[in-house]
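Beneath this line is the structure, given in structure tokens, with notes to follow.
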Amino acid sequence: MITYQKKFISIAEAWFGEEPTASGVDVVRCFQRAAPMSDALCREFHTILIELTQEPDELLAHMKRDNRYEIRRALTTDNLIYECWDANQSAMLAQFSDSYDEFAALKSLPKLDRRWLSLMADTGGLTLTTVKESAGDSLIWHVYYRSGSRATLLYSVSPSPFANNSAERNRRGRANRFHHWRDMLKFREEGATLYDLGGWYA
């Protein structure tokens with residue numbers, strides 16, 4: 001759980017089944033609970049969960065054929081580099097945050113709330129991953145919140161979201177599928193049993 005101040009309001013946030021224990025706050029926000037809370041304003045939330053208890057070959061086999069093809073092609077032809085860090089590495093957190101703000105400016109979105117992200121990092125539950133070109137430039141960033149056996153995607157960002165041609169769009173699509181695949185394998189190796197895509201429009 002994290003607590004923070006927003007203007008004159010103190011806020012606590014709890015995730016999944018975590019029971020809010022903070023006292024003396026004005027607002028408690030609970031994310032992705034299995035059931036609504038009584039006497040609380042609740043909103044339905046939909047996501048996709050992938051069970052990581054399967055063997056890697058089974059995970060791949062359960063994907064759509066096009067996704068399997070794109071992942072294999074990325075592995076064999078695109079010379080992509082996969083890297084990951086715990087978010088307590090402030091330099092990498094800052095690098096992601098800068099990339100997010102560049103992306104947000106291109107999409108006319110608000111800038112990243114860096115203070116909130118830093119508080120999440122202080123819990124020890126954030127993981128950053130990136131896929132780079134062989135020249136070293138990041139194509140995609142992913143940020144996850146890890147709680148118990150569940151890894152939840154919070155952000156997926158491409159620093160340069162606009163491709164110049166269809167070949168480049170296809171390559172970035174392969175890179176994103178490859179990125180999710182490598183993330184699944186990483187979290188599976190670390191003992192996670194659920195991979196949460198972080199939201200879905202039902």
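In the structure tokens, chains take the letters A, B, ... in the order shown, each chain's residues start at 1, and ligands count up from 1 in the order shown.
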
Those in stretch 62-169 of chain A with alpha helix (DSSP H) from DSSP, as number ranges by chain:
A: 65-77, 90-107, 114-122, 166-169

Residues just named, written with C-alpha atoms as a CSV table (one decimal), in the first residue's frame:
```csv
chain,number,residue,atom,x,y,z
A,65,ARG,CA,-1.1,-18.7,-34.6
A,66,ASP,CA,-0.3,-15.2,-35.9
A,67,ASN,CA,1.2,-14.3,-32.5
A,68,ARG,CA,3.3,-17.4,-32.4
A,69,TYR,CA,4.6,-16.6,-35.9
A,70,GLU,CA,5.5,-13.0,-35.0
A,71,ILE,CA,7.3,-14.1,-31.8
A,72,ARG,CA,9.3,-16.7,-33.6
A,73,ARG,CA,10.2,-14.3,-36.4
A,74,ALA,CA,11.3,-11.6,-33.9
A,75,LEU,CA,13.5,-14.2,-32.2
A,76,THR,CA,15.2,-15.2,-35.4
A,77,THR,CA,15.4,-12.1,-37.6
A,90,SER,CA,16.5,5.4,-10.2
A,91,ALA,CA,18.5,6.0,-13.4
A,92,MET,CA,16.4,3.5,-15.3
A,93,LEU,CA,13.2,4.8,-13.7
A,94,ALA,CA,14.1,8.3,-14.9
A,95,GLN,CA,14.9,7.0,-18.4
A,96,PHE,CA,11.5,5.3,-18.7
A,97,SER,CA,9.8,8.5,-17.3
A,98,ASP,CA,11.5,10.6,-19.9
A,99,SER,CA,10.4,8.2,-22.7
A,100,TYR,CA,6.8,8.2,-21.3
A,101,ASP,CA,6.7,12.0,-21.4
A,102,GLU,CA,7.9,12.1,-25.0
A,103,PHE,CA,5.2,9.6,-25.9
A,104,ALA,CA,2.6,11.6,-24.0
A,105,ALA,CA,3.5,14.8,-25.8
A,106,LEU,CA,3.1,13.1,-29.2
A,107,LYS,CA,-0.3,11.7,-28.1
A,114,ARG,CA,6.6,10.7,-11.3
A,115,ARG,CA,6.0,11.1,-7.6
A,116,TRP,CA,3.3,8.4,-7.7
A,117,LEU,CA,5.6,6.0,-9.7
A,118,SER,CA,8.5,6.7,-7.2
A,119,LEU,CA,6.2,5.7,-4.3
A,120,MET,CA,5.2,2.5,-6.1
A,121,ALA,CA,8.9,1.8,-6.7
A,122,ASP,CA,9.6,2.3,-3.0
A,166,SER,CA,4.1,-0.7,-43.1
A,167,ALA,CA,7.4,-2.7,-42.7
A,168,GLU,CA,8.3,-0.6,-39.7
A,169,ARG,CA,4.8,-1.0,-38.2
```

Selection: 12 Å around A:Met184, only C-alpha atoms, excl. self and same-chain fewer than 2 positions, as a PDB file with N, CA and C atoms, in the first residue's frame:
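Output contents, as saved in part.pdb:
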```
ATOM      1  N   LEU A  49      -5.986 -12.432 -17.784  1.00  0.00           N
ATOM      2  CA  LEU A  49      -4.997 -13.118 -16.954  1.00  0.00           C
ATOM      3  C   LEU A  49      -4.485 -14.345 -17.693  1.00  0.00           C
ATOM      4  N   ILE A  50      -3.184 -14.510 -17.706  1.00  0.00           N
ATOM      5  CA  ILE A  50      -2.553 -15.674 -18.328  1.00  0.00           C
ATOM      6  C   ILE A  50      -1.865 -16.474 -17.237  1.00  0.00           C
ATOM      7  N   GLU A  51      -2.185 -17.745 -17.157  1.00  0.00           N
ATOM      8  CA  GLU A  51      -1.591 -18.609 -16.134  1.00  0.00           C
ATOM      9  C   GLU A  51      -0.179 -19.002 -16.545  1.00  0.00           C
ATOM     10  N   LEU A  52       0.771 -18.661 -15.690  1.00  0.00           N
ATOM     11  CA  LEU A  52       2.174 -18.946 -15.975  1.00  0.00           C
ATOM     12  C   LEU A  52       2.626 -20.287 -15.415  1.00  0.00           C
ATOM     13  N   THR A  53       1.680 -21.055 -14.870  1.00  0.00           N
ATOM     14  CA  THR A  53       2.037 -22.381 -14.345  1.00  0.00           C
ATOM     15  C   THR A  53       2.293 -23.370 -15.479  1.00  0.00           C
ATOM     16  N   GLN A  54       1.896 -23.015 -16.698  1.00  0.00           N
ATOM     17  CA  GLN A  54       2.134 -23.883 -17.845  1.00  0.00           C
ATOM     18  C   GLN A  54       3.617 -23.869 -18.234  1.00  0.00           C
ATOM     19  N   GLU A  55       4.031 -24.917 -18.910  1.00  0.00           N
ATOM     20  CA  GLU A  55       5.372 -24.942 -19.476  1.00  0.00           C
ATOM     21  C   GLU A  55       5.443 -23.935 -20.627  1.00  0.00           C
ATOM     22  N   PRO A  56       6.640 -23.390 -20.912  1.00  0.00           N
ATOM     23  CA  PRO A  56       6.749 -22.407 -21.995  1.00  0.00           C
ATOM     24  C   PRO A  56       6.160 -22.876 -23.324  1.00  0.00           C
ATOM     25  N   LEU A  59       2.455 -22.458 -23.076  1.00  0.00           N
ATOM     26  CA  LEU A  59       2.080 -21.045 -23.161  1.00  0.00           C
ATOM     27  C   LEU A  59       2.048 -20.582 -24.612  1.00  0.00           C
ATOM     28  N   LEU A  60       3.085 -20.944 -25.342  1.00  0.00           N
ATOM     29  CA  LEU A  60       3.173 -20.532 -26.739  1.00  0.00           C
ATOM     30  C   LEU A  60       2.077 -21.193 -27.574  1.00  0.00           C
ATOM     31  N   THR A 129      10.966  -3.269 -17.906  1.00  0.00           N
ATOM     32  CA  THR A 129      11.583  -4.057 -18.965  1.00  0.00           C
ATOM     33  C   THR A 129      11.564  -3.245 -20.251  1.00  0.00           C
ATOM     34  N   HIS A 142       7.977  -1.537 -20.827  1.00  0.00           N
ATOM     35  CA  HIS A 142       6.882  -2.060 -20.015  1.00  0.00           C
ATOM     36  C   HIS A 142       7.214  -1.813 -18.545  1.00  0.00           C
ATOM     37  N   TYR A 144       5.712  -2.966 -14.686  1.00  0.00           N
ATOM     38  CA  TYR A 144       4.821  -3.903 -13.999  1.00  0.00           C
ATOM     39  C   TYR A 144       4.814  -3.631 -12.504  1.00  0.00           C
ATOM     40  N   ARG A 150       1.486 -12.414  -8.709  1.00  0.00           N
ATOM     41  CA  ARG A 150       0.839 -11.751  -9.855  1.00  0.00           C
ATOM     42  C   ARG A 150       1.696 -10.595 -10.357  1.00  0.00           C
ATOM     43  N   ALA A 151       1.883 -10.533 -11.677  1.00  0.00           N
ATOM     44  CA  ALA A 151       2.599  -9.425 -12.315  1.00  0.00           C
ATOM     45  C   ALA A 151       1.611  -8.682 -13.206  1.00  0.00           C
ATOM     46  N   THR A 152       1.402  -7.398 -12.918  1.00  0.00           N
ATOM     47  CA  THR A 152       0.381  -6.606 -13.611  1.00  0.00           C
ATOM     48  C   THR A 152       1.034  -5.497 -14.420  1.00  0.00           C
ATOM     49  N   LEU A 153       0.692  -5.428 -15.692  1.00  0.00           N
ATOM     50  CA  LEU A 153       1.226  -4.387 -16.567  1.00  0.00           C
ATOM     51  C   LEU A 153       0.569  -3.045 -16.241  1.00  0.00           C
ATOM     52  N   ARG A 177       5.083  -8.151 -29.301  1.00  0.00           N
ATOM     53  CA  ARG A 177       4.739  -9.537 -28.965  1.00  0.00           C
ATOM     54  C   ARG A 177       5.930 -10.249 -28.324  1.00  0.00           C
ATOM     55  N   PHE A 178       7.096 -10.044 -28.903  1.00  0.00           N
ATOM     56  CA  PHE A 178       8.323 -10.604 -28.335  1.00  0.00           C
ATOM     57  C   PHE A 178       8.533 -10.107 -26.907  1.00  0.00           C
ATOM     58  N   HIS A 179       8.264  -8.820 -26.695  1.00  0.00           N
ATOM     59  CA  HIS A 179       8.439  -8.212 -25.375  1.00  0.00           C
ATOM     60  C   HIS A 179       7.535  -8.888 -24.342  1.00  0.00           C
ATOM     61  N   HIS A 180       6.255  -9.037 -24.659  1.00  0.00           N
ATOM     62  CA  HIS A 180       5.336  -9.709 -23.737  1.00  0.00           C
ATOM     63  C   HIS A 180       5.793 -11.149 -23.471  1.00  0.00           C
ATOM     64  N   TRP A 181       6.244 -11.819 -24.499  1.00  0.00           N
ATOM     65  CA  TRP A 181       6.688 -13.204 -24.340  1.00  0.00           C
ATOM     66  C   TRP A 181       7.874 -13.300 -23.388  1.00  0.00           C
ATOM     67  N   ARG A 182       8.856 -12.433 -23.576  1.00  0.00           N
ATOM     68  CA  ARG A 182      10.015 -12.464 -22.690  1.00  0.00           C
ATOM     69  C   ARG A 182       9.634 -12.072 -21.268  1.00  0.00           C
ATOM     70  N   LYS A 186      10.213 -14.339 -17.929  1.00  0.00           N
ATOM     71  CA  LYS A 186      10.944 -13.791 -16.785  1.00  0.00           C
ATOM     72  C   LYS A 186      10.153 -13.965 -15.497  1.00  0.00           C
ATOM     73  N   PHE A 187       8.886 -13.556 -15.510  1.00  0.00           N
ATOM     74  CA  PHE A 187       8.083 -13.648 -14.294  1.00  0.00           C
ATOM     75  C   PHE A 187       7.821 -15.103 -13.912  1.00  0.00           C
ATOM     76  N   ARG A 188       7.660 -15.954 -14.899  1.00  0.00           N
ATOM     77  CA  ARG A 188       7.476 -17.382 -14.620  1.00  0.00           C
ATOM     78  C   ARG A 188       8.701 -17.943 -13.906  1.00  0.00           C
ATOM     79  N   GLU A 189       9.884 -17.591 -14.383  1.00  0.00           N
ATOM     80  CA  GLU A 189      11.119 -18.066 -13.759  1.00  0.00           C
ATOM     81  C   GLU A 189      11.252 -17.565 -12.324  1.00  0.00           C
ATOM     82  N   GLU A 190      10.670 -16.404 -12.042  1.00  0.00           N
ATOM     83  CA  GLU A 190      10.738 -15.823 -10.699  1.00  0.00           C
ATOM     84  C   GLU A 190       9.633 -16.324  -9.775  1.00  0.00           C
ATOM     85  N   GLY A 191       8.773 -17.208 -10.274  1.00  0.00           N
ATOM     86  CA  GLY A 191       7.751 -17.802  -9.424  1.00  0.00           C
ATOM     87  C   GLY A 191       6.369 -17.208  -9.549  1.00  0.00           C
ATOM     88  N   ALA A 192       6.180 -16.229 -10.435  1.00  0.00           N
ATOM     89  CA  ALA A 192       4.833 -15.681 -10.639  1.00  0.00           C
ATOM     90  C   ALA A 192       3.950 -16.729 -11.308  1.00  0.00           C
ATOM     91  N   THR A 193       2.678 -16.717 -10.962  1.00  0.00           N
ATOM     92  CA  THR A 193       1.733 -17.668 -11.560  1.00  0.00           C
ATOM     93  C   THR A 193       0.679 -16.987 -12.427  1.00  0.00           C
ATOM     94  N   LEU A 194       0.568 -15.650 -12.339  1.00  0.00           N
ATOM     95  CA  LEU A 194      -0.417 -14.918 -13.143  1.00  0.00           C
ATOM     96  C   LEU A 194       0.243 -13.727 -13.831  1.00  0.00           C
ATOM     97  N   TYR A 195      -0.027 -13.608 -15.111  1.00  0.00           N
ATOM     98  CA  TYR A 195       0.427 -12.470 -15.913  1.00  0.00           C
ATOM     99  C   TYR A 195      -0.815 -11.669 -16.290  1.00  0.00           C
ATOM    100  N   ASP A 196      -0.886 -10.446 -15.796  1.00  0.00           N
ATOM    101  CA  ASP A 196      -2.071  -9.595 -15.924  1.00  0.00           C
ATOM    102  C   ASP A 196      -1.775  -8.503 -16.949  1.00  0.00           C
ATOM    103  N   LEU A 197      -2.563  -8.475 -18.028  1.00  0.00           N
ATOM    104  CA  LEU A 197      -2.335  -7.492 -19.083  1.00  0.00           C
ATOM    105  C   LEU A 197      -2.761  -6.077 -18.693  1.00  0.00           C
TER     106      LEU A 197
END
```

Strand (DSSP E) per DSSP on the backbone: members of chain A, as a PDB file with N, CA and C atoms, in the first residue's frame:
```pdb
ATOM      1  N   ILE A   2       0.425   2.267  -0.704  1.00  0.00           N
ATOM      2  CA  ILE A   2       1.129   3.538  -0.683  1.00  0.00           C
ATOM      3  C   ILE A   2       0.170   4.622  -0.213  1.00  0.00           C
ATOM      4  N   THR A   3       0.729   5.676   0.364  1.00  0.00           N
ATOM      5  CA  THR A   3      -0.065   6.842   0.760  1.00  0.00           C
ATOM      6  C   THR A   3       0.611   8.091   0.210  1.00  0.00           C
ATOM      7  N   TYR A   4      -0.201   9.066  -0.164  1.00  0.00           N
ATOM      8  CA  TYR A   4       0.358  10.300  -0.700  1.00  0.00           C
ATOM      9  C   TYR A   4      -0.656  11.424  -0.546  1.00  0.00           C
ATOM     10  N   GLN A   5      -0.173  12.630  -0.737  1.00  0.00           N
ATOM     11  CA  GLN A   5      -0.993  13.825  -0.612  1.00  0.00           C
ATOM     12  C   GLN A   5      -1.232  14.408  -1.998  1.00  0.00           C
ATOM     13  N   LYS A   6      -2.480  14.740  -2.322  1.00  0.00           N
ATOM     14  CA  LYS A   6      -2.811  15.390  -3.582  1.00  0.00           C
ATOM     15  C   LYS A   6      -3.586  16.648  -3.260  1.00  0.00           C
ATOM     16  N   ILE A   9      -5.846  16.660  -0.078  1.00  0.00           N
ATOM     17  CA  ILE A   9      -6.448  15.354   0.205  1.00  0.00           C
ATOM     18  C   ILE A   9      -5.356  14.308   0.392  1.00  0.00           C
ATOM     19  N   SER A  10      -5.453  13.522   1.461  1.00  0.00           N
ATOM     20  CA  SER A  10      -4.528  12.407   1.669  1.00  0.00           C
ATOM     21  C   SER A  10      -5.179  11.130   1.139  1.00  0.00           C
ATOM     22  N   ILE A  11      -4.395  10.342   0.389  1.00  0.00           N
ATOM     23  CA  ILE A  11      -4.924   9.177  -0.328  1.00  0.00           C
ATOM     24  C   ILE A  11      -4.081   7.953  -0.007  1.00  0.00           C
ATOM     25  N   ALA A  12      -4.749   6.822   0.191  1.00  0.00           N
ATOM     26  CA  ALA A  12      -4.076   5.523   0.320  1.00  0.00           C
ATOM     27  C   ALA A  12      -4.537   4.635  -0.825  1.00  0.00           C
ATOM     28  N   GLU A  13      -3.612   3.827  -1.371  1.00  0.00           N
ATOM     29  CA  GLU A  13      -3.943   2.907  -2.457  1.00  0.00           C
ATOM     30  C   GLU A  13      -3.585   1.486  -2.059  1.00  0.00           C
ATOM     31  N   ALA A  14      -4.520   0.562  -2.299  1.00  0.00           N
ATOM     32  CA  ALA A  14      -4.293  -0.864  -2.038  1.00  0.00           C
ATOM     33  C   ALA A  14      -4.609  -1.633  -3.317  1.00  0.00           C
ATOM     34  N   TRP A  15      -3.846  -2.685  -3.566  1.00  0.00           N
ATOM     35  CA  TRP A  15      -3.999  -3.446  -4.805  1.00  0.00           C
ATOM     36  C   TRP A  15      -4.427  -4.874  -4.531  1.00  0.00           C
ATOM     37  N   VAL A  27      -9.081   9.461   1.628  1.00  0.00           N
ATOM     38  CA  VAL A  27      -9.613   8.589   0.574  1.00  0.00           C
ATOM     39  C   VAL A  27      -8.791   7.309   0.518  1.00  0.00           C
ATOM     40  N   VAL A  28      -9.472   6.176   0.400  1.00  0.00           N
ATOM     41  CA  VAL A  28      -8.806   4.892   0.162  1.00  0.00           C
ATOM     42  C   VAL A  28      -9.240   4.390  -1.205  1.00  0.00           C
ATOM     43  N   ARG A  29      -8.263   4.114  -2.062  1.00  0.00           N
ATOM     44  CA  ARG A  29      -8.545   3.593  -3.403  1.00  0.00           C
ATOM     45  C   ARG A  29      -8.074   2.143  -3.466  1.00  0.00           C
ATOM     46  N   CYS A  30      -8.958   1.244  -3.873  1.00  0.00           N
ATOM     47  CA  CYS A  30      -8.628  -0.181  -3.974  1.00  0.00           C
ATOM     48  C   CYS A  30      -8.728  -0.598  -5.440  1.00  0.00           C
ATOM     49  N   PHE A  31      -7.670  -1.216  -5.934  1.00  0.00           N
ATOM     50  CA  PHE A  31      -7.602  -1.577  -7.347  1.00  0.00           C
ATOM     51  C   PHE A  31      -7.703  -3.085  -7.536  1.00  0.00           C
ATOM     52  N   LEU A  49      -5.986 -12.432 -17.784  1.00  0.00           N
ATOM     53  CA  LEU A  49      -4.997 -13.118 -16.954  1.00  0.00           C
ATOM     54  C   LEU A  49      -4.485 -14.345 -17.693  1.00  0.00           C
ATOM     55  N   ILE A  50      -3.184 -14.510 -17.706  1.00  0.00           N
ATOM     56  CA  ILE A  50      -2.553 -15.674 -18.328  1.00  0.00           C
ATOM     57  C   ILE A  50      -1.865 -16.474 -17.237  1.00  0.00           C
ATOM     58  N   GLU A  51      -2.185 -17.745 -17.157  1.00  0.00           N
ATOM     59  CA  GLU A  51      -1.591 -18.609 -16.134  1.00  0.00           C
ATOM     60  C   GLU A  51      -0.179 -19.002 -16.545  1.00  0.00           C
ATOM     61  N   ILE A  81      17.027  -6.871 -28.412  1.00  0.00           N
ATOM     62  CA  ILE A  81      17.695  -7.053 -27.125  1.00  0.00           C
ATOM     63  C   ILE A  81      16.671  -6.818 -26.022  1.00  0.00           C
ATOM     64  N   TYR A  82      16.571  -7.759 -25.096  1.00  0.00           N
ATOM     65  CA  TYR A  82      15.626  -7.657 -23.974  1.00  0.00           C
ATOM     66  C   TYR A  82      16.404  -7.363 -22.694  1.00  0.00           C
ATOM     67  N   GLU A  83      15.956  -6.360 -21.927  1.00  0.00           N
ATOM     68  CA  GLU A  83      16.607  -6.011 -20.665  1.00  0.00           C
ATOM     69  C   GLU A  83      15.539  -5.757 -19.605  1.00  0.00           C
ATOM     70  N   CYS A  84      15.901  -5.983 -18.342  1.00  0.00           N
ATOM     71  CA  CYS A  84      14.955  -5.751 -17.242  1.00  0.00           C
ATOM     72  C   CYS A  84      15.700  -5.267 -16.009  1.00  0.00           C
ATOM     73  N   TRP A  85      14.985  -4.522 -15.173  1.00  0.00           N
ATOM     74  CA  TRP A  85      15.540  -3.974 -13.941  1.00  0.00           C
ATOM     75  C   TRP A  85      14.454  -3.907 -12.873  1.00  0.00           C
ATOM     76  N   ASP A  86      14.882  -3.980 -11.620  1.00  0.00           N
ATOM     77  CA  ASP A  86      14.008  -3.570 -10.531  1.00  0.00           C
ATOM     78  C   ASP A  86      13.944  -2.050 -10.545  1.00  0.00           C
ATOM     79  N   LEU A 126       7.920  -2.802  -8.235  1.00  0.00           N
ATOM     80  CA  LEU A 126       7.938  -2.419  -9.645  1.00  0.00           C
ATOM     81  C   LEU A 126       9.059  -3.121 -10.407  1.00  0.00           C
ATOM     82  N   THR A 127       8.754  -3.492 -11.637  1.00  0.00           N
ATOM     83  CA  THR A 127       9.748  -4.044 -12.556  1.00  0.00           C
ATOM     84  C   THR A 127       9.656  -3.290 -13.873  1.00  0.00           C
ATOM     85  N   LEU A 128      10.809  -2.890 -14.413  1.00  0.00           N
ATOM     86  CA  LEU A 128      10.876  -2.234 -15.712  1.00  0.00           C
ATOM     87  C   LEU A 128      11.522  -3.185 -16.702  1.00  0.00           C
ATOM     88  N   THR A 129      10.966  -3.269 -17.906  1.00  0.00           N
ATOM     89  CA  THR A 129      11.583  -4.057 -18.965  1.00  0.00           C
ATOM     90  C   THR A 129      11.564  -3.245 -20.251  1.00  0.00           C
ATOM     91  N   THR A 130      12.522  -3.513 -21.114  1.00  0.00           N
ATOM     92  CA  THR A 130      12.564  -2.829 -22.403  1.00  0.00           C
ATOM     93  C   THR A 130      13.055  -3.774 -23.479  1.00  0.00           C
ATOM     94  N   VAL A 131      12.643  -3.520 -24.696  1.00  0.00           N
ATOM     95  CA  VAL A 131      13.182  -4.195 -25.877  1.00  0.00           C
ATOM     96  C   VAL A 131      13.870  -3.133 -26.720  1.00  0.00           C
ATOM     97  N   LYS A 132      15.136  -3.424 -27.051  1.00  0.00           N
ATOM     98  CA  LYS A 132      15.949  -2.468 -27.796  1.00  0.00           C
ATOM     99  C   LYS A 132      16.325  -3.016 -29.165  1.00  0.00           C
ATOM    100  N   SER A 138      15.748   2.044 -27.334  1.00  0.00           N
ATOM    101  CA  SER A 138      14.565   1.330 -26.851  1.00  0.00           C
ATOM    102  C   SER A 138      13.405   1.497 -27.824  1.00  0.00           C
ATOM    103  N   LEU A 139      12.791   0.366 -28.183  1.00  0.00           N
ATOM    104  CA  LEU A 139      11.582   0.384 -29.005  1.00  0.00           C
ATOM    105  C   LEU A 139      10.330   0.445 -28.146  1.00  0.00           C
ATOM    106  N   ILE A 140      10.353  -0.258 -27.012  1.00  0.00           N
ATOM    107  CA  ILE A 140       9.178  -0.379 -26.144  1.00  0.00           C
ATOM    108  C   ILE A 140       9.649  -0.462 -24.695  1.00  0.00           C
ATOM    109  N   TRP A 141       8.878   0.152 -23.816  1.00  0.00           N
ATOM    110  CA  TRP A 141       9.055   0.001 -22.372  1.00  0.00           C
ATOM    111  C   TRP A 141       7.804  -0.645 -21.792  1.00  0.00           C
ATOM    112  N   HIS A 142       7.977  -1.537 -20.827  1.00  0.00           N
ATOM    113  CA  HIS A 142       6.882  -2.060 -20.015  1.00  0.00           C
ATOM    114  C   HIS A 142       7.214  -1.813 -18.545  1.00  0.00           C
ATOM    115  N   VAL A 143       6.205  -1.443 -17.774  1.00  0.00           N
ATOM    116  CA  VAL A 143       6.354  -1.300 -16.320  1.00  0.00           C
ATOM    117  C   VAL A 143       5.287  -2.152 -15.652  1.00  0.00           C
ATOM    118  N   TYR A 144       5.712  -2.966 -14.686  1.00  0.00           N
ATOM    119  CA  TYR A 144       4.821  -3.903 -13.999  1.00  0.00           C
ATOM    120  C   TYR A 144       4.814  -3.631 -12.504  1.00  0.00           C
ATOM    121  N   TYR A 145       3.662  -3.911 -11.905  1.00  0.00           N
ATOM    122  CA  TYR A 145       3.571  -3.976 -10.449  1.00  0.00           C
ATOM    123  C   TYR A 145       3.469  -5.444 -10.065  1.00  0.00           C
ATOM    124  N   ARG A 146       4.390  -5.888  -9.228  1.00  0.00           N
ATOM    125  CA  ARG A 146       4.437  -7.286  -8.807  1.00  0.00           C
ATOM    126  C   ARG A 146       3.953  -7.390  -7.363  1.00  0.00           C
ATOM    127  N   SER A 147       2.898  -8.167  -7.163  1.00  0.00           N
ATOM    128  CA  SER A 147       2.357  -8.389  -5.822  1.00  0.00           C
ATOM    129  C   SER A 147       2.110  -9.872  -5.655  1.00  0.00           C
ATOM    130  N   ARG A 150       1.486 -12.414  -8.709  1.00  0.00           N
ATOM    131  CA  ARG A 150       0.839 -11.751  -9.855  1.00  0.00           C
ATOM    132  C   ARG A 150       1.696 -10.595 -10.357  1.00  0.00           C
ATOM    133  N   ALA A 151       1.883 -10.533 -11.677  1.00  0.00           N
ATOM    134  CA  ALA A 151       2.599  -9.425 -12.315  1.00  0.00           C
ATOM    135  C   ALA A 151       1.611  -8.682 -13.206  1.00  0.00           C
ATOM    136  N   THR A 152       1.402  -7.398 -12.918  1.00  0.00           N
ATOM    137  CA  THR A 152       0.381  -6.606 -13.611  1.00  0.00           C
ATOM    138  C   THR A 152       1.034  -5.497 -14.420  1.00  0.00           C
ATOM    139  N   LEU A 153       0.692  -5.428 -15.692  1.00  0.00           N
ATOM    140  CA  LEU A 153       1.226  -4.387 -16.567  1.00  0.00           C
ATOM    141  C   LEU A 153       0.569  -3.045 -16.241  1.00  0.00           C
ATOM    142  N   LEU A 154       1.399  -2.053 -15.912  1.00  0.00           N
ATOM    143  CA  LEU A 154       0.900  -0.703 -15.641  1.00  0.00           C
ATOM    144  C   LEU A 154       1.051   0.216 -16.848  1.00  0.00           C
ATOM    145  N   TYR A 155       2.183   0.099 -17.539  1.00  0.00           N
ATOM    146  CA  TYR A 155       2.463   0.968 -18.679  1.00  0.00           C
ATOM    147  C   TYR A 155       3.106   0.165 -19.801  1.00  0.00           C
ATOM    148  N   SER A 156       2.712   0.493 -21.032  1.00  0.00           N
ATOM    149  CA  SER A 156       3.387  -0.009 -22.229  1.00  0.00           C
ATOM    150  C   SER A 156       3.582   1.189 -23.144  1.00  0.00           C
ATOM    151  N   VAL A 157       4.838   1.545 -23.405  1.00  0.00           N
ATOM    152  CA  VAL A 157       5.138   2.813 -24.067  1.00  0.00           C
ATOM    153  C   VAL A 157       6.170   2.603 -25.166  1.00  0.00           C
ATOM    154  N   LEU A 194       0.568 -15.650 -12.339  1.00  0.00           N
ATOM    155  CA  LEU A 194      -0.417 -14.918 -13.143  1.00  0.00           C
ATOM    156  C   LEU A 194       0.243 -13.727 -13.831  1.00  0.00           C
ATOM    157  N   TYR A 195      -0.027 -13.608 -15.111  1.00  0.00           N
ATOM    158  CA  TYR A 195       0.427 -12.470 -15.913  1.00  0.00           C
ATOM    159  C   TYR A 195      -0.815 -11.669 -16.290  1.00  0.00           C
ATOM    160  N   ASP A 196      -0.886 -10.446 -15.796  1.00  0.00           N
ATOM    161  CA  ASP A 196      -2.071  -9.595 -15.924  1.00  0.00           C
ATOM    162  C   ASP A 196      -1.775  -8.503 -16.949  1.00  0.00           C
TER     163      ASP A 196
END
```

So that I can check the surroundings of stretch 39-47 of chain A, please list as a ChimeraX atom specification every protein, DNA and RNA residue that reaches within 6 Å of it, counting only C-alpha atoms and ignoring chain neighbours fewer than 4 positions away.
/A:198-200

Suppose we keep N, CA and C atoms; can you now write the selection as a PDB file, in the first residue's frame?
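The resulting file, part_34.pdb, is shown below:
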```pdb
ATOM      1  N   GLY A 198      -3.297  -5.915 -17.493  1.00  0.00           N
ATOM      2  CA  GLY A 198      -3.498  -4.580 -16.948  1.00  0.00           C
ATOM      3  C   GLY A 198      -4.768  -3.865 -17.356  1.00  0.00           C
ATOM      4  N   GLY A 199      -5.651  -4.561 -18.052  1.00  0.00           N
ATOM      5  CA  GLY A 199      -6.917  -3.941 -18.423  1.00  0.00           C
ATOM      6  C   GLY A 199      -7.360  -4.361 -19.803  1.00  0.00           C
ATOM      7  N   TRP A 200      -8.676  -4.398 -19.994  1.00  0.00           N
ATOM      8  CA  TRP A 200      -9.241  -4.820 -21.270  1.00  0.00           C
ATOM      9  C   TRP A 200     -10.624  -4.219 -21.405  1.00  0.00           C
TER      10      TRP A 200
END
```

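With distances restricted to only C-alpha atoms, A:Asp78 is the closest residue to A:Glu133 from A:Asp78, A:Gln89, A:Gly148, A:Asp183.
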
Work out how far atom CA of A:His62 is from atom CA of A:Asn170, in Å to one decimal.
21.9 Å
